[in-house]
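Content type mmCIF, C-alpha atoms, pLDDT in the B column; chains and numbers go by the auth columns, from the file protein_31.cif:
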```
data_target
#
loop_
_atom_site.group_PDB
_atom_site.id
_atom_site.type_symbol
_atom_site.label_atom_id
_atom_site.label_comp_id
_atom_site.label_asym_id
_atom_site.label_seq_id
_atom_site.Cartn_x
_atom_site.Cartn_y
_atom_site.Cartn_z
_atom_site.B_iso_or_equiv
_atom_site.auth_seq_id
_atom_site.auth_asym_id
ATOM 1 C CA MET A 1 17.073 -14.852 -35.531 52.00 44 T
ATOM 2 C CA ARG A 2 13.938 -16.778 -34.585 52.00 45 T
ATOM 3 C CA SER A 3 11.871 -13.638 -33.975 52.00 46 T
ATOM 4 C CA ASN A 4 12.709 -12.443 -37.511 54.00 47 T
ATOM 5 C CA PHE A 5 11.512 -15.731 -38.932 46.00 48 T
ATOM 6 C CA TYR A 6 8.179 -15.484 -37.088 49.00 49 T
ATOM 7 C CA GLY A 7 7.769 -11.863 -38.135 48.00 50 T
ATOM 8 C CA TYR A 8 8.343 -12.703 -41.797 49.00 51 T
ATOM 9 C CA SER A 9 6.045 -15.705 -41.579 47.00 52 T
ATOM 10 C CA ALA A 10 3.229 -13.607 -40.102 46.00 53 T
ATOM 11 C CA ALA A 11 3.674 -10.949 -42.794 47.00 54 T
ATOM 12 C CA LEU A 12 3.555 -13.616 -45.500 42.00 55 T
ATOM 13 C CA VAL A 13 0.340 -15.096 -44.105 45.00 56 T
ATOM 14 C CA VAL A 14 -1.308 -11.652 -44.028 43.00 57 T
ATOM 15 C CA LEU A 15 -0.169 -10.920 -47.562 42.00 58 T
ATOM 16 C CA ILE A 16 -1.516 -14.220 -48.902 48.00 59 T
ATOM 17 C CA SER A 17 -4.870 -13.834 -47.150 47.00 60 T
ATOM 18 C CA CYS A 18 -5.314 -10.314 -48.565 44.00 61 T
ATOM 19 C CA ALA A 19 -4.470 -11.474 -52.087 45.00 62 T
ATOM 20 C CA ALA A 20 -6.882 -14.407 -51.852 46.00 63 T
ATOM 21 C CA ASN A 21 -9.828 -12.132 -51.040 46.00 64 T
ATOM 22 C CA GLY A 22 -9.400 -10.216 -54.298 46.00 65 T
ATOM 23 C CA ALA A 23 -9.260 -13.374 -56.403 46.00 66 T
ATOM 24 C CA MET A 24 -12.466 -14.991 -55.161 48.00 67 T
ATOM 25 C CA ALA A 25 -15.116 -15.802 -57.740 52.00 68 T
ATOM 26 C CA GLN A 26 -18.554 -14.286 -57.553 59.00 69 T
ATOM 27 C CA SER A 27 -21.146 -16.334 -55.821 81.00 70 T
ATOM 28 C CA LEU A 28 -23.741 -18.164 -57.877 84.00 71 T
ATOM 29 C CA THR A 29 -27.421 -18.139 -57.071 89.00 72 T
ATOM 30 C CA PRO A 30 -28.731 -21.514 -58.292 94.00 73 T
ATOM 31 C CA PHE A 31 -32.453 -22.022 -58.832 94.00 74 T
ATOM 32 C CA ARG A 32 -34.523 -25.144 -59.185 94.00 75 T
ATOM 33 C CA TYR A 33 -36.908 -23.651 -61.753 95.00 76 T
ATOM 34 C CA GLU A 34 -36.221 -21.501 -64.784 95.00 77 T
ATOM 35 C CA SER A 35 -38.922 -18.973 -63.844 95.00 78 T
ATOM 36 C CA GLN A 36 -37.252 -18.344 -60.471 95.00 79 T
ATOM 37 C CA ALA A 37 -33.952 -17.561 -62.160 95.00 80 T
ATOM 38 C CA GLN A 38 -35.652 -15.267 -64.666 95.00 81 T
ATOM 39 C CA ARG A 39 -37.219 -13.256 -61.832 95.00 82 T
ATOM 40 C CA ASN A 40 -33.814 -12.909 -60.186 93.00 83 T
ATOM 41 C CA CYS A 41 -32.089 -11.532 -63.306 92.00 84 T
ATOM 42 C CA PRO A 42 -34.713 -10.245 -65.775 93.00 85 T
ATOM 43 C CA GLY A 43 -32.191 -8.653 -68.145 93.00 86 T
ATOM 44 C CA ASP A 44 -29.918 -11.686 -68.441 95.00 87 T
ATOM 45 C CA THR A 45 -30.116 -15.017 -70.245 95.00 88 T
ATOM 46 C CA ILE A 46 -30.914 -18.066 -68.126 96.00 89 T
ATOM 47 C CA VAL A 47 -28.639 -21.077 -68.571 96.00 90 T
ATOM 48 C CA TRP A 48 -28.484 -24.606 -67.195 96.00 91 T
ATOM 49 C CA LEU A 49 -25.289 -25.020 -65.216 96.00 92 T
ATOM 50 C CA ASP A 50 -23.832 -28.507 -64.835 94.00 93 T
ATOM 51 C CA PHE A 51 -21.685 -28.271 -61.707 93.00 94 T
ATOM 52 C CA ARG A 52 -19.875 -31.559 -62.303 93.00 95 T
ATOM 53 C CA LYS A 53 -18.769 -30.746 -65.862 91.00 96 T
ATOM 54 C CA GLU A 54 -18.282 -27.034 -65.111 92.00 97 T
ATOM 55 C CA ARG A 55 -20.199 -26.071 -68.258 94.00 98 T
ATOM 56 C CA TYR A 56 -23.388 -24.189 -68.932 95.00 99 T
ATOM 57 C CA TYR A 57 -25.969 -24.872 -71.632 95.00 100 T
ATOM 58 C CA LEU A 58 -28.194 -22.391 -73.429 95.00 101 T
ATOM 59 C CA LYS A 59 -31.867 -23.006 -74.037 93.00 102 T
ATOM 60 C CA GLY A 60 -32.150 -25.115 -77.174 90.00 103 T
ATOM 61 C CA GLN A 61 -29.062 -27.221 -76.517 92.00 104 T
ATOM 62 C CA ARG A 62 -29.551 -30.961 -75.986 89.00 105 T
ATOM 63 C CA ARG A 63 -28.471 -31.045 -72.355 91.00 106 T
ATOM 64 C CA TYR A 64 -30.382 -27.961 -71.235 93.00 107 T
ATOM 65 C CA ALA A 65 -32.247 -28.746 -67.977 93.00 108 T
ATOM 66 C CA LEU A 66 -31.064 -32.380 -67.944 91.00 109 T
ATOM 67 C CA GLY A 67 -29.321 -34.198 -65.133 86.00 110 T
ATOM 68 C CA ASN A 68 -29.262 -34.112 -61.373 90.00 111 T
ATOM 69 C CA THR A 69 -26.025 -32.170 -61.011 90.00 112 T
ATOM 70 C CA GLY A 70 -27.187 -28.788 -62.271 94.00 113 T
ATOM 71 C CA SER A 71 -29.325 -25.738 -61.685 96.00 114 T
ATOM 72 C CA PHE A 72 -30.660 -22.714 -63.509 97.00 115 T
ATOM 73 C CA VAL A 73 -28.486 -19.606 -63.129 96.00 116 T
ATOM 74 C CA CYS A 74 -27.934 -16.246 -64.798 96.00 117 T
ATOM 75 C CA ARG A 75 -25.404 -16.439 -67.634 95.00 118 T
ATOM 76 C CA ASN A 76 -23.319 -13.506 -66.374 95.00 119 T
ATOM 77 C CA GLU A 77 -22.997 -15.106 -62.937 94.00 120 T
ATOM 78 C CA ALA A 78 -21.887 -18.375 -64.552 95.00 121 T
ATOM 79 C CA ARG A 79 -19.283 -16.587 -66.676 95.00 122 T
ATOM 80 C CA ASP A 80 -17.984 -14.523 -63.768 94.00 123 T
ATOM 81 C CA SER A 81 -17.612 -17.681 -61.682 93.00 124 T
ATOM 82 C CA GLY A 82 -15.397 -19.321 -64.297 93.00 125 T
ATOM 83 C CA TYR A 83 -17.873 -21.682 -65.970 95.00 126 T
ATOM 84 C CA ARG A 84 -17.620 -22.102 -69.743 94.00 127 T
ATOM 85 C CA ARG A 85 -20.233 -22.443 -72.453 94.00 128 T
ATOM 86 C CA SER A 86 -20.767 -25.942 -73.755 92.00 129 T
ATOM 87 C CA PRO A 87 -19.385 -26.534 -77.248 87.00 130 T
ATOM 88 C CA LEU A 88 -22.353 -28.779 -78.085 79.00 131 T
ATOM 89 C CA GLY A 89 -24.585 -27.348 -80.782 70.00 132 T
ATOM 90 C CA LEU A 90 -28.240 -26.508 -80.781 62.00 133 T
ATOM 91 C CA ARG A 91 -30.901 -29.125 -81.297 55.00 134 T
#
```
Would you give me this structure, written as structure tokens?
Amino acid sequence: MRSNFYGYSAALVVLISCAANGAMAQSLTPFRYESQAQRNCPGDTIVWLDFRKERYYLKGQRRYALGNTGSFVCRNEARDSGYRRSPLGLR
């Protein structure tokens, strides 16, 4: 009886660990300067990502490049990692 329990438990752990690998978000490459981010992804739009609020801001929005809790990233990387666009309007 006990050996069945341990066998099922081990199978469950393996199953969960395999499922978790497929659901991981893409990694972000944060940059301190906008020009660095633009060199990394020349065909994409650069956004300011606020890690604390989990939002990104486009150039021209009030909070673009403001605050100590953010970095410049590529917009597609931000979207793929689950960050959302800020609803705040343009300046």
Selected residue, from T:Trp91, T:Tyr76, T:Gly132, T:Arg105, that lies nearest to T:Arg118 when counting all atoms listed in the file: T:Trp91
Closest of T:Ser70, T:Ala80, T:Ala108, T:Ile89 to T:Asp123 - atom-to-atom distances counting only C-alpha atoms: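 Among the listed residues, the smallest separation from T:Asp123 belongs to T:Ser70.
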Residues in the PyMOL selection byres ((chain T and resi 85-87) around 8), expressed as JSON, numbers by chain: {"T": [81, 82, 83, 84, 88, 89, 117, 118, 119]}
Atom CA of T:Gln79 to atom CA of T:Leu131, straight-line distance in Å: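 It comes out at 25.3 Å.
Taking all atoms listed in the file, the non-local environment of T:Pro73 within 9 Å (same-chain residues fewer than 6 positions away omitted) comprises T:Ala80, T:Leu92, T:Gly113, T:Ser114, T:Phe115, T:Val116, T:Cys117.
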Straight-line distance linking atom CA of T:Leu71 with atom CA of T:Asn111, stated in Å to one decimal: 17.2 Å
All residues 9 Å or closer to T:Tyr126, all atoms listed in the file, same chain fewer than 2 positions away omitted, as an NGL selection string: :T and (92 or 94 or 97-99 or 120-124 or 128)
Atom CA of T:Ser78 to atom CA of T:Pro130, straight-line distance in Å: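 Interatomic distance, atom CA of T:Pro130 to atom CA of T:Ser78: 24.9 Å.
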